[in-house]
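Q: One structure is given below, represented as structure tokens, and several questions about it will come after.
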Amino acid sequence: MRYRRLGKTGFNVSEISLGTWQVGGKWGEPFSNANADETINTAIDSGINFIDTADVYNDGLSEKAIGRVLRTRSERVYVATKCGRQLNPHVNEGYQPAVLRKFVEASLKNMNLDCLDLIQLHCPPTQVYYRPEIFELFDTLKQEGKILNLGVSVEKPEEALKALEYSNVCTAQIIFNMFRPRPSELFFKEAKRKDIGIIARVPLASGMLTGKFSTGSKFSKDDHRNFNIDGAAFDKGETFSGIDYTKGLEAVEKLKTIFPDQDLAAIALKWILMFDEISCVIPGASTSQQSLSNLKALDLSNLSNDETEAVKAVYEKYIKYPVHFQW
């Protein structure tokens, strides 16, 4: 495993880390405590020392699984969770310091921790980024010893850029992959200038960049790749990175011709890690086998210039319009 500095948190985190949206079971399937524990333990055994979760993942069961596993481990593992998405409706007016405080305290209880390494606002409405009192709350929580660092998880680069105006923001989690390269433009430059750790989320475009899907692939009714494909439940950009499913499959087939007989998922993760501004990438894993599979990217050489240009050409031909200017 290789490690990179997570911005001004000062943490040295594993390049490949673990996202836990679907830990303990695939999207739409029942949560399994035993499977979650095995997946998390396997990740730590392999050198992963940064785990990202959220209070809404499996209604708090993901947080509880992480806390349960960490109580049996001696390694220093950094835990990042998120708050805000429990609000229903999830609107600007619901974001109040007292409410967010309760969310943070509930996450501490779920994981049986005294202090969170990193708490992140969980893709709040854009208006929230213009409310200093929300960000000031986390200075208070830090003084109270309940958190060490504040970060944001965002939908759009513009939101991340606004969040960077607050001096207590240390990290930004953003969708970044072969089909969502726009953050590497202005946002990466500003994040580097302000020493912000960048956490790349949805690195495989909800699995599309594994190359394993087809027009006949089926997703369960409770899987966001089914019910949110048109953005009915939350931002469409979360599901398949906002790409039209059929068009995305066409692009993936083209990528397969660039990288024949190779593990496309590993290549997609390696493409992300070629950007020095990235601190870590957080692919999800629903099994221990998937957790180990994500690490294959570490054994790959960087893409050649020709391969990098070919990936760019696929994006520009199949994906760029209208995705580029939405996210």
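All residue names refer to the structure tokens as shown: chains lettered A, B, ... in order, residues numbered from 1 in each chain, ligands numbered from 1 in order.
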Might you pull out every residue within 9 Å of region 112-117 of chain A, with only C-alpha atoms counted and same-chain residues fewer than 3 positions away left off, and present them as a PDB file with N, CA and C atoms, in the first residue's frame?
A:
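Written file, out.pdb:
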ATOM      1  N   THR A   9      -5.242  18.110   7.053  1.00  0.00           N
ATOM      2  CA  THR A   9      -5.485  17.239   8.206  1.00  0.00           C
ATOM      3  C   THR A   9      -4.170  16.686   8.726  1.00  0.00           C
ATOM      4  N   LYS A  64     -21.998   1.599  12.587  1.00  0.00           N
ATOM      5  CA  LYS A  64     -21.886   0.656  13.702  1.00  0.00           C
ATOM      6  C   LYS A  64     -20.906  -0.468  13.380  1.00  0.00           C
ATOM      7  N   GLY A  67     -17.343   0.915  13.778  1.00  0.00           N
ATOM      8  CA  GLY A  67     -16.998   1.014  15.193  1.00  0.00           C
ATOM      9  C   GLY A  67     -16.744  -0.341  15.821  1.00  0.00           C
ATOM     10  N   ARG A  68     -17.560  -1.313  15.464  1.00  0.00           N
ATOM     11  CA  ARG A  68     -17.414  -2.661  16.019  1.00  0.00           C
ATOM     12  C   ARG A  68     -16.068  -3.268  15.621  1.00  0.00           C
ATOM     13  N   ARG A  71     -12.866  -1.572  17.295  1.00  0.00           N
ATOM     14  CA  ARG A  71     -12.646  -1.933  18.704  1.00  0.00           C
ATOM     15  C   ARG A  71     -11.833  -3.221  18.844  1.00  0.00           C
ATOM     16  N   TYR A  78      -8.215   5.896  10.124  1.00  0.00           N
ATOM     17  CA  TYR A  78      -8.923   7.171  10.123  1.00  0.00           C
ATOM     18  C   TYR A  78     -10.359   6.953   9.643  1.00  0.00           C
ATOM     19  N   VAL A  79     -11.292   7.519  10.378  1.00  0.00           N
ATOM     20  CA  VAL A  79     -12.707   7.359  10.060  1.00  0.00           C
ATOM     21  C   VAL A  79     -13.296   8.702   9.649  1.00  0.00           C
ATOM     22  N   ALA A  80     -13.923   8.706   8.481  1.00  0.00           N
ATOM     23  CA  ALA A  80     -14.625   9.902   8.003  1.00  0.00           C
ATOM     24  C   ALA A  80     -16.097   9.553   7.857  1.00  0.00           C
ATOM     25  N   THR A  81     -16.962  10.348   8.460  1.00  0.00           N
ATOM     26  CA  THR A  81     -18.381  10.148   8.253  1.00  0.00           C
ATOM     27  C   THR A  81     -18.998  11.447   7.768  1.00  0.00           C
ATOM     28  N   VAL A 104     -23.946  14.675  14.581  1.00  0.00           N
ATOM     29  CA  VAL A 104     -22.554  14.352  14.920  1.00  0.00           C
ATOM     30  C   VAL A 104     -22.500  13.489  16.175  1.00  0.00           C
ATOM     31  N   SER A 107     -23.523   9.959  15.452  1.00  0.00           N
ATOM     32  CA  SER A 107     -22.477   9.189  14.773  1.00  0.00           C
ATOM     33  C   SER A 107     -21.416   8.732  15.773  1.00  0.00           C
ATOM     34  N   LEU A 108     -21.054   9.584  16.702  1.00  0.00           N
ATOM     35  CA  LEU A 108     -20.098   9.196  17.742  1.00  0.00           C
ATOM     36  C   LEU A 108     -20.634   8.009  18.537  1.00  0.00           C
ATOM     37  N   LYS A 109     -21.903   8.056  18.848  1.00  0.00           N
ATOM     38  CA  LYS A 109     -22.526   6.959  19.594  1.00  0.00           C
ATOM     39  C   LYS A 109     -22.575   5.690  18.764  1.00  0.00           C
ATOM     40  N   LYS A 142     -15.006  21.154  17.356  1.00  0.00           N
ATOM     41  CA  LYS A 142     -13.585  20.840  17.465  1.00  0.00           C
ATOM     42  C   LYS A 142     -13.060  21.259  18.832  1.00  0.00           C
ATOM     43  N   GLY A 145     -13.769  18.827  21.405  1.00  0.00           N
ATOM     44  CA  GLY A 145     -13.101  17.546  21.279  1.00  0.00           C
ATOM     45  C   GLY A 145     -13.921  16.473  20.599  1.00  0.00           C
ATOM     46  N   LYS A 146     -14.978  16.872  19.897  1.00  0.00           N
ATOM     47  CA  LYS A 146     -15.838  15.885  19.242  1.00  0.00           C
ATOM     48  C   LYS A 146     -15.434  15.594  17.804  1.00  0.00           C
ATOM     49  N   ILE A 147     -14.706  16.497  17.189  1.00  0.00           N
ATOM     50  CA  ILE A 147     -14.192  16.276  15.836  1.00  0.00           C
ATOM     51  C   ILE A 147     -12.764  16.802  15.754  1.00  0.00           C
ATOM     52  N   LEU A 148     -12.011  16.268  14.806  1.00  0.00           N
ATOM     53  CA  LEU A 148     -10.678  16.795  14.537  1.00  0.00           C
ATOM     54  C   LEU A 148     -10.672  17.696  13.313  1.00  0.00           C
ATOM     55  N   ASN A 149     -11.464  17.334  12.295  1.00  0.00           N
ATOM     56  CA  ASN A 149     -11.426  18.070  11.032  1.00  0.00           C
ATOM     57  C   ASN A 149     -12.806  18.126  10.395  1.00  0.00           C
ATOM     58  N   LEU A 150     -13.003  19.169   9.584  1.00  0.00           N
ATOM     59  CA  LEU A 150     -14.236  19.350   8.817  1.00  0.00           C
ATOM     60  C   LEU A 150     -13.933  19.217   7.333  1.00  0.00           C
TER      61      LEU A 150
END
Q: Show me, as an mmCIF file with C-alpha atoms, in the first residue's frame, the residues that have an atom within 12 Å of Lys256 (chain A) when counting only C-alpha atoms, minus same-chain residues fewer than 3 positions from it.
A:
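Saved result, part-v5.cif, follows:
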data_model
loop_
_atom_site.group_PDB
_atom_site.id
_atom_site.type_symbol
_atom_site.label_atom_id
_atom_site.label_comp_id
_atom_site.auth_asym_id
_atom_site.auth_seq_id
_atom_site.Cartn_x
_atom_site.Cartn_y
_atom_site.Cartn_z
ATOM 1 C CA LEU A 209 -16.448 1.555 -15.391
ATOM 2 C CA THR A 210 -15.977 -2.054 -14.327
ATOM 3 C CA GLY A 211 -17.041 -2.985 -17.861
ATOM 4 C CA LYS A 212 -19.350 -5.683 -16.482
ATOM 5 C CA LEU A 249 -22.165 1.502 -22.255
ATOM 6 C CA GLU A 250 -21.070 2.649 -25.715
ATOM 7 C CA ALA A 251 -18.222 4.610 -24.157
ATOM 8 C CA VAL A 252 -17.180 1.648 -22.029
ATOM 9 C CA GLU A 253 -17.028 -0.596 -25.089
ATOM 10 C CA PHE A 259 -7.341 -1.601 -22.942
ATOM 11 C CA PRO A 260 -8.072 -5.056 -24.424
ATOM 12 C CA ASP A 261 -8.081 -8.040 -22.069
ATOM 13 C CA GLN A 262 -7.335 -5.820 -19.072
ATOM 14 C CA ASP A 263 -9.162 -5.136 -15.804
ATOM 15 C CA LEU A 264 -11.015 -1.951 -16.701
ATOM 16 C CA ALA A 265 -11.912 -1.177 -13.071
ATOM 17 C CA ILE A 267 -7.322 0.958 -14.961
ATOM 18 C CA ALA A 268 -10.070 3.439 -14.050
ATOM 19 C CA GLU A 307 -3.737 5.910 -23.614
ATOM 20 C CA ALA A 310 -7.521 8.039 -25.998
ATOM 21 C CA VAL A 311 -9.511 8.112 -22.730
ATOM 22 C CA VAL A 314 -13.800 8.808 -25.526
#
Q: Would you please work out which residue, of A:Glu15, A:Glu93, A:Asp244, A:Asp37, is nearest to Thr72 (chain A) when using only C-alpha atoms?
A: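 Looking only at the distances to Thr72 (chain A), the closest residue turns out to be A:Asp37.
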Q: Per DSSP on the backbone, what are the strand (DSSP E) residues of region 60-258 of chain A, as a ChimeraX atom specification?
A: /A:78-83,118-122,150-153,169-175,197-201
Q: Could you list, as number ranges by chain, every residue within 9 Å of Thr287 (chain A), counting only C-alpha atoms and ignoring same-chain residues fewer than 6 positions away?
A: A: 23-26, 35-36, 38-40
Q: Going by DSSP on the backbone, which residues of region 20-192 of chain A come out as helix (DSSP H, G or I)? List them as a VMD selection string.
A: chain A and resid 33 to 45 57 to 70 92 to 94 97 to 111 126 to 130 132 to 143 157 to 163 182 to 184 186 to 192
Q: Determine, for each residue of region 169-256 of chain A having at least one atom at most 12 Å from an atom of region 48-63 of chain A, the closest pair of atoms and their separation in Å to one decimal, counting only C-alpha atoms; order by chain and ascending number, as a Markdown table.
A:
| residue | atom | partner | partner_atom | distance |
| --- | --- | --- | --- | --- |
| A:Gln173 | CA | A:Asp52 | CA | 10.1 |
| A:Ile199 | CA | A:Asp52 | CA | 9.5 |
| A:Ala200 | CA | A:Asp52 | CA | 11.0 |
| A:Arg201 | CA | A:Asp52 | CA | 9.7 |
| A:Asp222 | CA | A:Asn58 | CA | 11.9 |
